[in-house]
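K.L.:
Provided herewith: my_file_28.pdb, PDB, C-alpha atoms.
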ATOM      1  CA  MET V1210       5.689  49.963 -13.903
ATOM      2  CA  LYS V1211       2.421  51.814 -14.516
ATOM      3  CA  GLY V1212      -0.968  50.345 -13.770
ATOM      4  CA  TYR V1213      -4.254  50.580 -11.912
ATOM      5  CA  ARG V1214      -5.472  49.404  -8.518
ATOM      6  CA  VAL V1215      -8.197  46.872  -9.260
ATOM      7  CA  ALA V1216     -10.659  44.906  -7.134
ATOM      8  CA  VAL V1217     -12.886  41.957  -8.057
ATOM      9  CA  VAL V1218     -16.004  41.155  -6.054
ATOM     10  CA  SER V1219     -17.211  37.516  -6.249
ATOM     11  CA  PRO V1220     -13.948  36.253  -7.790
ATOM     12  CA  LEU V1221     -15.230  32.646  -7.916
ATOM     13  CA  SER V1222     -18.163  33.575 -10.171
ATOM     14  CA  PRO V1223     -17.751  32.777 -13.901
ATOM     15  CA  PHE V1224     -17.234  36.494 -14.612
ATOM     16  CA  GLY V1225     -14.755  36.765 -11.741
ATOM     17  CA  GLN V1226     -12.813  33.681 -12.833
ATOM     18  CA  ARG V1227     -12.445  34.966 -16.370
ATOM     19  CA  LEU V1228     -11.462  38.453 -15.182
ATOM     20  CA  ARG V1229      -8.706  37.098 -12.981
ATOM     21  CA  ALA V1230      -7.351  34.965 -15.810
ATOM     22  CA  LEU V1231      -7.196  38.004 -18.099
ATOM     23  CA  LEU V1232      -5.762  40.315 -15.440
ATOM     24  CA  GLU V1233      -3.057  37.793 -14.581
ATOM     25  CA  SER V1234      -2.082  37.077 -18.195
ATOM     26  CA  ASP V1235       1.300  38.055 -19.618
ATOM     27  CA  ASP V1236      -0.215  40.924 -21.615
ATOM     28  CA  PRO V1237      -3.283  42.198 -19.742
ATOM     29  CA  VAL V1238      -5.648  44.691 -21.361
ATOM     30  CA  LEU V1239      -5.689  46.638 -18.102
ATOM     31  CA  PRO V1240      -2.272  46.952 -16.425
ATOM     32  CA  VAL V1241      -2.542  46.209 -12.717
ATOM     33  CA  ILE V1242      -0.261  47.205  -9.864
ATOM     34  CA  GLU V1243      -2.568  45.879  -7.159
ATOM     35  CA  LEU V1244      -5.392  43.304  -7.299
ATOM     36  CA  LYS V1245      -7.756  42.775  -4.368
ATOM     37  CA  LEU V1246     -10.403  40.037  -4.133
ATOM     38  CA  PHE V1247     -13.590  40.631  -2.146
ATOM     39  CA  ASP V1248     -16.312  38.219  -1.106
ATOM     40  CA  GLY V1249     -19.714  38.804  -2.654
ATOM     41  CA  GLN V1250     -21.609  37.952   0.517
ATOM     42  CA  PRO V1251     -22.259  40.169   3.547
ATOM     43  CA  ASN V1252     -20.466  39.739   6.859
ATOM     44  CA  ALA V1253     -17.613  37.877   5.175
ATOM     45  CA  THR V1254     -14.232  37.574   6.826
ATOM     46  CA  SER V1255     -10.802  37.120   5.302
ATOM     47  CA  THR V1256     -10.889  33.641   3.798
ATOM     48  CA  LEU V1257      -8.232  31.334   2.382
ATOM     49  CA  THR V1258      -9.881  29.158  -0.281
ATOM     50  CA  GLN V1259      -8.554  26.231  -2.270
ATOM     51  CA  PHE V1260     -10.171  26.538  -5.688
ATOM     52  CA  GLU V1261      -9.246  24.525  -8.781
ATOM     53  CA  ASN V1262      -5.607  24.051  -7.827
ATOM     54  CA  GLU V1263      -5.119  27.635  -6.691
ATOM     55  CA  VAL V1264      -5.281  29.389  -3.357
ATOM     56  CA  LEU V1265      -7.377  32.537  -3.122
ATOM     57  CA  VAL V1266      -7.511  35.040  -0.301
ATOM     58  CA  THR V1267     -10.783  36.957  -0.229
ATOM     59  CA  GLN V1268     -11.948  39.530   2.290
ATOM     60  CA  ALA V1269     -15.068  41.483   3.120
ATOM     61  CA  LEU V1270     -15.681  44.536   0.951
ATOM     62  CA  ASP V1271     -14.564  47.456   3.123
ATOM     63  CA  PRO V1272     -15.661  51.009   2.204
ATOM     64  CA  ASP V1273     -12.401  52.253   3.674
ATOM     65  CA  VAL V1274     -10.521  50.835   0.666
ATOM     66  CA  PHE V1275     -12.606  52.736  -1.923
ATOM     67  CA  PRO V1276     -10.321  55.805  -2.031
ATOM     68  CA  SER V1277      -7.396  53.560  -2.979
ATOM     69  CA  LEU V1278      -9.189  51.839  -5.909
ATOM     70  CA  ASP V1279      -9.380  52.826  -9.555
ATOM     71  CA  VAL V1280     -11.824  50.184 -10.757
ATOM     72  CA  LEU V1281     -14.129  47.627  -9.146
ATOM     73  CA  PHE V1282     -15.509  44.625 -11.050
ATOM     74  CA  VAL V1283     -18.532  42.798  -9.606
ATOM     75  CA  GLY V1284     -19.309  39.209 -10.613
ATOM     76  CA  GLU V1285     -22.582  37.336 -10.721
ATOM     77  CA  GLY V1286     -24.268  36.131  -7.543
ATOM     78  CA  THR V1287     -23.260  39.110  -5.413
ATOM     79  CA  SER V1288     -25.599  39.846  -2.496
ATOM     80  CA  ALA V1289     -27.837  42.918  -2.450
ATOM     81  CA  GLU V1290     -25.929  44.293   0.546
ATOM     82  CA  VAL V1291     -22.558  44.058  -1.194
ATOM     83  CA  LEU V1292     -24.059  45.478  -4.398
ATOM     84  CA  ALA V1293     -25.206  48.482  -2.370
ATOM     85  CA  GLN V1294     -21.621  48.919  -1.158
ATOM     86  CA  ALA V1295     -20.373  48.723  -4.735
ATOM     87  CA  THR V1296     -22.834  51.442  -5.679
ATOM     88  CA  ARG V1297     -21.378  53.614  -2.915
ATOM     89  CA  ALA V1298     -17.902  52.973  -4.329
ATOM     90  CA  ALA V1299     -19.103  54.354  -7.677
ATOM     91  CA  ALA V1300     -20.522  57.403  -5.908
ATOM     92  CA  GLN V1301     -17.021  57.986  -4.495
ATOM     93  CA  GLY V1302     -15.516  57.966  -7.987
ATOM     94  CA  VAL V1303     -14.474  54.318  -8.347
ATOM     95  CA  LEU V1304     -15.241  53.025 -11.844
ATOM     96  CA  THR V1305     -17.571  50.090 -11.114
ATOM     97  CA  LEU V1306     -18.590  47.466 -13.683
ATOM     98  CA  VAL V1307     -21.288  45.006 -12.627
ATOM     99  CA  ALA V1308     -22.131  41.746 -14.435
ATOM    100  CA  GLY V1309     -25.400  39.858 -14.610
ATOM    101  CA  GLY V1310     -27.894  42.719 -14.676
ATOM    102  CA  GLN V1311     -27.632  43.011 -10.898
ATOM    103  CA  VAL V1312     -27.978  46.801 -10.718
ATOM    104  CA  GLU V1313     -29.903  49.481 -12.551
ATOM    105  CA  ALA V1314     -27.111  51.085 -14.554
ATOM    106  CA  PRO V1315     -26.231  51.938 -18.151
ATOM    107  CA  VAL V1316     -25.067  48.857 -20.061
ATOM    108  CA  ALA V1317     -22.209  49.281 -22.510
ATOM    109  CA  ALA V1318     -19.959  47.231 -24.780
ATOM    110  CA  VAL V1319     -16.846  48.281 -26.647
ATOM    111  CA  GLY V1320     -17.588  48.919 -30.303
ATOM    112  CA  LEU V1321     -21.329  49.171 -29.710
ATOM    113  CA  ASN V1322     -22.773  51.907 -27.518
ATOM    114  CA  GLU V1323     -19.934  52.989 -25.227
ATOM    115  CA  ARG V1324     -19.726  56.325 -27.041
ATOM    116  CA  PHE V1325     -23.194  57.163 -25.712
ATOM    117  CA  LEU V1326     -22.244  56.765 -22.045
ATOM    118  CA  ALA V1327     -22.745  59.905 -20.011
ATOM    119  CA  GLU V1328     -19.506  61.742 -19.362
ATOM    120  CA  GLY V1329     -18.190  60.762 -15.957
ATOM    121  CA  ALA V1330     -20.373  57.620 -15.655
ATOM    122  CA  ARG V1331     -18.932  55.555 -12.790
ATOM    123  CA  ILE V1332     -21.274  52.556 -12.546
ATOM    124  CA  ILE V1333     -21.860  50.499 -15.681
ATOM    125  CA  GLY V1334     -23.512  47.174 -16.430
ATOM    126  CA  ALA V1335     -21.249  44.593 -18.079
ATOM    127  CA  PRO V1336     -23.389  42.758 -20.667
ATOM    128  CA  ALA V1337     -23.375  38.992 -21.062
ATOM    129  CA  GLY V1338     -21.657  37.233 -23.940
ATOM    130  CA  ALA V1339     -25.044  36.402 -25.488
ATOM    131  CA  SER V1340     -25.974  40.091 -25.367
ATOM    132  CA  ILE V1341     -22.740  41.117 -27.083
ATOM    133  CA  LEU V1342     -23.234  38.443 -29.764
ATOM    134  CA  LEU V1343     -26.752  39.593 -30.657
ATOM    135  CA  GLY V1344     -25.873  43.256 -30.157
ATOM    136  CA  LYS V1345     -23.086  43.193 -32.738
ATOM    137  CA  VAL V1346     -25.369  41.703 -35.395
ATOM    138  CA  LEU V1347     -28.469  43.795 -34.687
ATOM    139  CA  GLU V1348     -26.546  47.046 -34.303
ATOM    140  CA  THR V1349     -24.905  46.459 -37.685
ATOM    141  CA  LEU V1350     -28.256  45.729 -39.328
ATOM    142  CA  GLY V1351     -29.626  48.871 -37.693
ATOM    143  CA  ASP V1352     -27.060  51.002 -39.514
ATOM    144  CA  THR V1353     -28.835  50.155 -42.804
ATOM    145  CA  PHE V1354     -32.358  49.076 -41.839
ATOM    146  CA  GLU V1355     -34.839  49.725 -39.076
ATOM    147  CA  VAL V1356     -35.112  46.523 -37.031
ATOM    148  CA  ALA V1357     -38.813  46.301 -36.170
ATOM    149  CA  ARG V1358     -38.532  43.049 -34.176
ATOM    150  CA  ALA V1359     -35.929  40.476 -33.299
ATOM    151  CA  GLN V1360     -36.280  37.072 -31.646
ATOM    152  CA  ALA V1361     -33.364  34.791 -30.834
ATOM    153  CA  THR V1362     -32.691  31.392 -29.341
ATOM    154  CA  VAL V1363     -29.145  31.417 -28.001
ATOM    155  CA  LEU V1364     -27.238  28.229 -27.220
ATOM    156  CA  LEU V1365     -24.932  28.931 -24.286
ATOM    157  CA  PRO V1366     -21.673  27.037 -23.678
ATOM    158  CA  ALA V1367     -20.854  25.276 -20.435
ATOM    159  CA  SER V1368     -18.298  28.003 -19.716
ATOM    160  CA  GLU V1369     -21.247  30.271 -18.804
ATOM    161  CA  LEU V1370     -21.285  28.298 -15.540
ATOM    162  CA  GLY V1371     -17.537  28.586 -14.983
ATOM    163  CA  ASN V1372     -14.468  26.403 -15.354
ATOM    164  CA  ALA V1373     -15.852  23.660 -13.130
ATOM    165  CA  ALA V1374     -18.819  23.182 -15.488
ATOM    166  CA  VAL V1375     -16.483  22.828 -18.470
ATOM    167  CA  GLU V1376     -14.558  20.140 -16.610
ATOM    168  CA  GLU V1377     -17.766  18.368 -15.601
ATOM    169  CA  LEU V1378     -19.069  18.366 -19.183
ATOM    170  CA  HIS V1379     -15.836  16.681 -20.260
ATOM    171  CA  LEU V1380     -16.249  14.055 -17.531
ATOM    172  CA  GLN V1381     -19.887  13.517 -18.495
ATOM    173  CA  VAL V1382     -18.867  12.716 -22.070
ATOM    174  CA  VAL V1383     -16.168  10.299 -20.914
ATOM    175  CA  GLN V1384     -18.486   8.541 -18.474
ATOM    176  CA  LEU V1385     -21.345   8.186 -20.936
ATOM    177  CA  LEU V1386     -19.079   6.798 -23.653
ATOM    178  CA  ASN V1387     -17.926   4.234 -21.082
ATOM    179  CA  PHE V1388     -21.539   3.417 -20.126
ATOM    180  CA  GLY V1389     -21.160   5.087 -16.739
ATOM    181  CA  ALA V1390     -23.265   7.578 -14.807
ATOM    182  CA  PRO V1391     -22.363  11.200 -15.634
ATOM    183  CA  PRO V1392     -21.386  13.492 -12.735
ATOM    184  CA  THR V1393     -23.873  16.324 -12.174
ATOM    185  CA  SER V1394     -22.691  18.118  -9.027
ATOM    186  CA  VAL V1395     -21.856  21.340 -10.887
ATOM    187  CA  ILE V1396     -24.321  21.514 -13.786
ATOM    188  CA  GLY V1397     -27.124  19.740 -11.963
ATOM    189  CA  GLU V1398     -28.181  17.545 -14.890
ATOM    190  CA  GLN V1399     -26.682  15.609 -17.759
ATOM    191  CA  LEU V1400     -25.618  18.171 -20.368
ATOM    192  CA  ALA V1401     -23.494  15.888 -22.557
ATOM    193  CA  PHE V1402     -25.458  14.900 -25.690
ATOM    194  CA  ASN V1403     -28.334  16.950 -24.326
ATOM    195  CA  LEU V1404     -29.863  20.439 -24.091
ATOM    196  CA  LEU V1405     -30.982  22.123 -20.883
ATOM    197  CA  THR V1406     -32.757  25.244 -19.784
ATOM    198  CA  PRO V1407     -30.127  27.298 -17.932
ATOM    199  CA  PRO V1408     -30.160  26.764 -14.170
ATOM    200  CA  THR V1409     -31.321  29.563 -11.920
ATOM    201  CA  GLY V1410     -28.430  31.814 -11.047
ATOM    202  CA  ILE V1411     -26.527  31.370 -14.311
ATOM    203  CA  GLY V1412     -25.966  35.119 -14.179
ATOM    204  CA  SER V1413     -28.101  36.446 -17.003
ATOM    205  CA  SER V1414     -31.783  35.679 -17.395
ATOM    206  CA  GLU V1415     -33.606  35.842 -20.712
ATOM    207  CA  LEU V1416     -35.211  39.132 -19.743
ATOM    208  CA  THR V1417     -31.836  40.556 -18.719
ATOM    209  CA  VAL V1418     -30.221  39.564 -22.021
ATOM    210  CA  ALA V1419     -33.141  40.985 -24.024
ATOM    211  CA  LYS V1420     -32.902  44.247 -22.094
ATOM    212  CA  GLU V1421     -29.128  44.407 -22.546
ATOM    213  CA  VAL V1422     -29.439  43.769 -26.286
ATOM    214  CA  SER V1423     -32.041  46.512 -26.730
ATOM    215  CA  THR V1424     -29.781  48.936 -24.839
ATOM    216  CA  LEU V1425     -26.677  47.998 -26.831
ATOM    217  CA  VAL V1426     -28.563  48.361 -30.115
ATOM    218  CA  GLY V1427     -30.597  51.411 -29.144
ATOM    219  CA  VAL V1428     -34.120  50.075 -29.725
ATOM    220  CA  GLU V1429     -37.201  49.770 -27.527
ATOM    221  CA  GLU V1430     -37.180  46.801 -25.139
ATOM    222  CA  ASP V1431     -40.368  45.283 -26.571
ATOM    223  CA  ARG V1432     -38.666  44.810 -29.948
ATOM    224  CA  VAL V1433     -36.280  42.118 -28.671
ATOM    225  CA  ALA V1434     -37.106  38.668 -27.283
ATOM    226  CA  VAL V1435     -34.537  36.073 -26.240
ATOM    227  CA  SER V1436     -34.650  32.412 -25.257
ATOM    228  CA  LEU V1437     -31.599  30.747 -23.694
ATOM    229  CA  LEU V1438     -30.567  27.098 -23.786
ATOM    230  CA  LEU V1439     -27.492  25.441 -22.279
ATOM    231  CA  ALA V1440     -25.762  23.379 -24.958
ATOM    232  CA  PRO V1441     -23.200  20.544 -24.689
ATOM    233  CA  VAL V1442     -20.446  22.847 -25.966
ATOM    234  CA  PHE V1443     -17.403  23.911 -23.981
ATOM    235  CA  HIS V1444     -16.814  27.545 -24.969
ATOM    236  CA  SER V1445     -18.619  28.691 -28.157
ATOM    237  CA  TYR V1446     -22.016  30.345 -28.574
ATOM    238  CA  ALA V1447     -24.575  29.819 -31.324
ATOM    239  CA  ALA V1448     -27.873  31.528 -32.055
ATOM    240  CA  SER V1449     -30.848  31.234 -34.337
ATOM    241  CA  LEU V1450     -31.925  34.835 -34.886
ATOM    242  CA  TRP V1451     -35.141  36.003 -36.576
ATOM    243  CA  VAL V1452     -35.291  39.634 -37.621
ATOM    244  CA  ASP V1453     -38.217  41.565 -39.024
ATOM    245  CA  LEU V1454     -37.063  44.668 -40.860
ATOM    246  CA  ALA V1455     -39.402  47.626 -41.244
ATOM    247  CA  GLU V1456     -38.863  47.674 -45.011
ATOM    248  CA  PRO V1457     -38.582  45.092 -47.787
ATOM    249  CA  ALA V1458     -35.049  43.821 -48.293
ATOM    250  CA  THR V1459     -33.202  41.188 -50.240
ATOM    251  CA  THR V1460     -30.781  38.612 -48.879
ATOM    252  CA  ALA V1461     -28.006  40.325 -50.825
ATOM    253  CA  LYS V1462     -28.722  43.683 -49.165
ATOM    254  CA  VAL V1463     -28.788  42.115 -45.704
ATOM    255  CA  MET V1464     -25.498  40.315 -46.381
ATOM    256  CA  LYS V1465     -23.947  43.548 -47.642
ATOM    257  CA  ALA V1466     -25.061  45.405 -44.524
ATOM    258  CA  LEU V1467     -23.648  42.720 -42.227
ATOM    259  CA  GLY V1468     -20.396  42.625 -44.172
ATOM    260  CA  SER V1469     -19.721  46.272 -43.343
ATOM    261  CA  ARG V1470     -18.501  45.447 -39.836
ATOM    262  CA  ASP V1471     -14.931  44.220 -39.398
ATOM    263  CA  ASP V1472     -15.665  41.801 -36.550
ATOM    264  CA  LEU V1473     -18.525  40.080 -38.418
ATOM    265  CA  ASP V1474     -17.871  37.358 -40.996
ATOM    266  CA  THR V1475     -20.577  36.496 -43.538
ATOM    267  CA  GLU V1476     -18.734  33.702 -45.340
ATOM    268  CA  PRO V1477     -20.707  30.413 -45.231
ATOM    269  CA  HIS V1478     -17.522  28.513 -44.352
ATOM    270  CA  TYR V1479     -14.719  29.298 -41.917
ATOM    271  CA  GLN V1480     -11.144  28.795 -43.115
ATOM    272  CA  THR V1481      -8.942  27.236 -40.448
ATOM    273  CA  SER V1482      -5.243  28.039 -40.148
ATOM    274  CA  ASP V1483      -4.365  25.000 -42.299
ATOM    275  CA  GLY V1484      -6.748  26.099 -45.061
ATOM    276  CA  THR V1485      -9.542  23.668 -44.242
ATOM    277  CA  ALA V1486     -13.063  24.988 -44.903
ATOM    278  CA  ARG V1487     -15.446  24.239 -42.039
ATOM    279  CA  LEU V1488     -19.164  24.883 -41.703
ATOM    280  CA  ILE V1489     -20.192  27.708 -39.407
ATOM    281  CA  SER V1490     -20.883  26.007 -36.090
ATOM    282  CA  PRO V1491     -19.685  26.295 -32.476
ATOM    283  CA  ALA V1492     -16.972  23.707 -33.200
ATOM    284  CA  GLY V1493     -16.139  25.036 -36.647
ATOM    285  CA  ILE V1494     -15.285  28.570 -35.538
ATOM    286  CA  ALA V1495     -13.414  27.663 -32.335
ATOM    287  CA  GLY V1496     -10.525  30.067 -31.827
ATOM    288  CA  SER V1497     -11.914  32.789 -34.097
ATOM    289  CA  LYS V1498     -12.203  36.353 -32.781
ATOM    290  CA  ARG V1499     -15.103  37.237 -35.093
ATOM    291  CA  VAL V1500     -18.847  36.620 -34.992
ATOM    292  CA  HIS V1501     -19.745  34.318 -37.879
ATOM    293  CA  ILE V1502     -23.017  34.494 -39.800
ATOM    294  CA  GLY V1503     -23.386  31.181 -41.572
ATOM    295  CA  VAL V1504     -26.886  31.579 -42.999
ATOM    296  CA  VAL V1505     -29.102  34.499 -43.980
ATOM    297  CA  ARG V1506     -32.416  33.100 -45.240
ATOM    298  CA  PRO V1507     -35.761  34.812 -45.948
ATOM    299  CA  ASP V1508     -38.472  33.334 -43.756
ATOM    300  CA  GLY V1509     -40.902  33.290 -46.693
ATOM    301  CA  ARG V1510     -43.734  35.241 -45.078
ATOM    302  CA  ARG V1511     -42.741  38.807 -45.918
ATOM    303  CA  LYS V1512     -39.855  40.426 -47.722
ATOM    304  CA  GLY V1513     -38.398  42.057 -44.642
ATOM    305  CA  SER V1514     -38.109  38.949 -42.411
ATOM    306  CA  PHE V1515     -34.992  36.765 -42.238
ATOM    307  CA  TRP V1516     -33.504  33.878 -40.296
ATOM    308  CA  LEU V1517     -29.820  34.143 -39.386
ATOM    309  CA  TRP V1518     -27.549  31.413 -38.027
ATOM    310  CA  LEU V1519     -24.786  32.816 -35.828
ATOM    311  CA  ALA V1520     -21.786  31.318 -34.067
ATOM    312  CA  ALA V1521     -18.993  32.858 -32.030
ATOM    313  CA  ASP V1522     -16.200  31.567 -29.848
ATOM    314  CA  SER V1523     -16.356  33.008 -26.347
ATOM    315  CA  ILE V1524     -13.200  35.028 -27.074
ATOM    316  CA  ALA V1525     -15.186  37.009 -29.677
ATOM    317  CA  VAL V1526     -17.967  37.990 -27.270
ATOM    318  CA  ASP V1527     -16.170  37.717 -23.935
ATOM    319  CA  ALA V1528     -18.036  39.642 -21.218
ATOM    320  CA  ALA V1529     -14.902  39.929 -19.065
ATOM    321  CA  GLN V1530     -12.707  41.039 -21.961
ATOM    322  CA  ASN V1531     -15.304  43.656 -22.851
ATOM    323  CA  ALA V1532     -15.396  44.892 -19.247
ATOM    324  CA  LEU V1533     -11.610  45.244 -19.173
ATOM    325  CA  GLU V1534     -11.467  47.034 -22.519
ATOM    326  CA  LEU V1535     -14.259  49.354 -21.438
ATOM    327  CA  ALA V1536     -12.480  50.114 -18.158
ATOM    328  CA  GLU V1537      -9.208  50.759 -19.977
ATOM    329  CA  SER V1538     -10.977  53.137 -22.355
ATOM    330  CA  LEU V1539     -12.766  55.058 -19.593
ATOM    331  CA  LEU V1540      -9.731  55.212 -17.304
ATOM    332  CA  GLY V1541      -7.394  56.015 -20.177
ATOM    333  CA  ALA V1542      -8.236  59.700 -20.001
ATOM    334  CA  GLY V1543      -6.000  59.808 -16.921
ATOM    335  CA  GLU V1544      -2.483  58.538 -16.473
ATOM    336  CA  PRO V1545      -2.057  55.091 -14.889
ATOM    337  CA  LEU V1546      -0.561  55.141 -11.444
ATOM    338  CA  GLU V1547       3.096  54.496 -10.793
ATOM    339  CA  SER V1548       3.755  51.507  -8.582
TER     340      SER V1548
END
Before anything else, please render the file you have as structure tokens.

P.N.:
Amino acid sequence: MKGYRVAVVSPLSPFGQRLRALLESDDPVLPVIELKLFDGQPNATSTLTQFENEVLVTQALDPDVFPSLDVLFVGEGTSAEVLAQATRAAAQGVLTLVAGGQVEAPVAAVGLNERFLAEGARIIGAPAGASILLGKVLETLGDTFEVARAQATVLLPASELGNAAVEELHLQVVQLLNFGAPPTSVIGEQLAFNLLTPPTGIGSSELTVAKEVSTLVGVEEDRVAVSLLLAPVFHSYAASLWVDLAEPATTAKVMKALGSRDDLDTEPHYQTSDGTARLISPAGIAGSKRVHIGVVRPDGRRKGSFWLWLAADSIAVDAAQNALELAESLLGAGEPLES
């Protein structure tokens, strides 16, 4: 068997949870012959943890293991001290991908700007799902028009907080429908039938997402503004996006530009596997691997400004999937190791 020696720092973070699920699947993007889990906090010791019906063994990140690693993934909530160690791993040649805007590093996503990465780059920022969602749309528009400004309100799913938040949202719905008190130990507030500002520590702040989007699209940071809300949705994202193009444009021209990208869908309805037409919404596009643009509407003030309604299942803009595909692409220049 051929594969890579992989390590995940902060494996209980949402990014870490998703990475492990993908790495341990029957057909992983990145073949693995060895997977190590490291604690994201300093002075950690080897720990046996019961987590969501599984047992995890994590250990302190040890610089002595760096020569034996091919790639290191770093999840949200990692301490500054451990992040510094991860940076040293990159300096020793370990491909290091860091989520949550925790380090100053080039940000890249497959199919967007990875071709512009410096040759031999070893530390890379892994953009958030919201950043990938907006990046795919704005980058495609930028192929035809100059995007002068963009402002977006993104509705984040509960899965941004990890599997435990998804489970708690389900329990909140059940309890409320039975006139009970909703549990809030994970999310912190009632999210069911509600909207919340994301809690501190969700992994990606509004400024981080805006910066990631501008990097993915290749525009100045002050052109992009982002607001984030936590929505009572399990896994899918949605966004209301306003774009101001530097030139007059028609709805038809904008739709044509957006339709040029294979992983974007500009149909106003989504056809399910049984042929049912559903409106573009977080529920309507569940299971789709494309970003759906349900509405493109002029804002009425000037000919170059438009409102767009976007929705995407997390599998279409998966930060962990992107990180794995990016690692596979960058490591693919060399032969995987033999176990």

K.L.:
Given the PyMOL selection byres ((chain V and resi 1313) around 12) and the file above, list the residues it selects as a list of chain:residue names.

P.N.:
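Expected selection for the PyMOL selection byres ((chain V and resi 1313) around 12) here is V:Leu1292, V:Ala1293, V:Thr1296, V:Leu1306, V:Val1307, V:Ala1308, V:Gly1309, V:Gly1310, V:Gln1311, V:Val1312, V:Ala1314, V:Pro1315, V:Val1316, V:Ile1332, V:Ile1333, V:Gly1334, V:Ala1335, V:Thr1417, V:Lys1420, V:Glu1421.
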
K.L.:
Going by the chain IDs and residue numbers used in this file, which residues fall under the PyMOL selection byres ((chain V and resi 1318) around 7)? Write them as a ChimeraX atom specification.

P.N.:
/V:1317,1319-1323,1336,1531,1535

K.L.:
List the residues matched by the PyMOL selection byres ((chain V and resi 1374) around 12) in the displayed structure as an NGL selection string, ordered by chain and then by residue number.

P.N.:
:V and (1222-1223 or 1261 or 1366-1373 or 1375-1381 or 1392-1401 or 1408 or 1411 or 1439-1444)

K.L.:
For region 1238-1249 of chain V, work out the shell of residues within 6 Å, counting all atoms listed in the file and skipping chain neighbours fewer than 5 positions away, then give it as a ChimeraX atom specification.

P.N.:
/V:1212-1219,1267-1270,1287-1288,1537

K.L.:
Which residue out of V:Ala1339, V:Ala1330, V:Leu1347, V:Ala1419 has the minimum interatomic distance to Val1463 (chain V) when all atoms listed in the file are used?

P.N.:
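Of V:Ala1339, V:Ala1330, V:Leu1347, V:Ala1419, the one nearest Val1463 (chain V) is V:Leu1347, counting all atoms listed in the file.
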
K.L.:
Go through V:Phe1354, V:Trp1451, V:Trp1518, V:Tyr1479 one by one, measure the shortest atom-to-atom distance of each to Ile1502 (chain V) using all atoms listed in the file, and give the residue with the smallest value.

P.N.:
V:Trp1518

K.L.:
Would you compute, for all listed atoms of region 1330-1334 of chain V, the axis-aligned bounding box grown by 6 Å on each side, and then report its centre and edge lengths in Å rounded to one decimal, as AutoDock Vina command-line options?

P.N.:
--center_x -21.2 --center_y 52.4 --center_z -14.5 --size_x 16.6 --size_y 22.4 --size_z 15.9

K.L.:
If we count all atoms listed in the file and set the cut-off at 7 Å, which residues sit around Leu1473 (chain V), ignoring sequence neighbours fewer than 6 positions away in its own chain? Please answer as a PDB file with C-alpha atoms, in the coordinates of the input.

P.N.:
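Final output, saved to selection.pdb:
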ATOM      1  CA  LEU V1467     -23.648  42.720 -42.227  1.00  0.00           C
ATOM      2  CA  ARG V1499     -15.103  37.237 -35.093  1.00  0.00           C
ATOM      3  CA  VAL V1500     -18.847  36.620 -34.992  1.00  0.00           C
ATOM      4  CA  HIS V1501     -19.745  34.318 -37.879  1.00  0.00           C
TER       5      HIS V1501
END

K.L.:
Find the residues around region 1505-1509 of chain V up to 10 Å (all atoms listed in the file counted), leave out those fewer than 5 positions away in its own chain, and share them as a ChimeraX atom specification.

P.N.:
/V:1450-1453,1458-1461,1463-1464,1475,1477,1514-1519
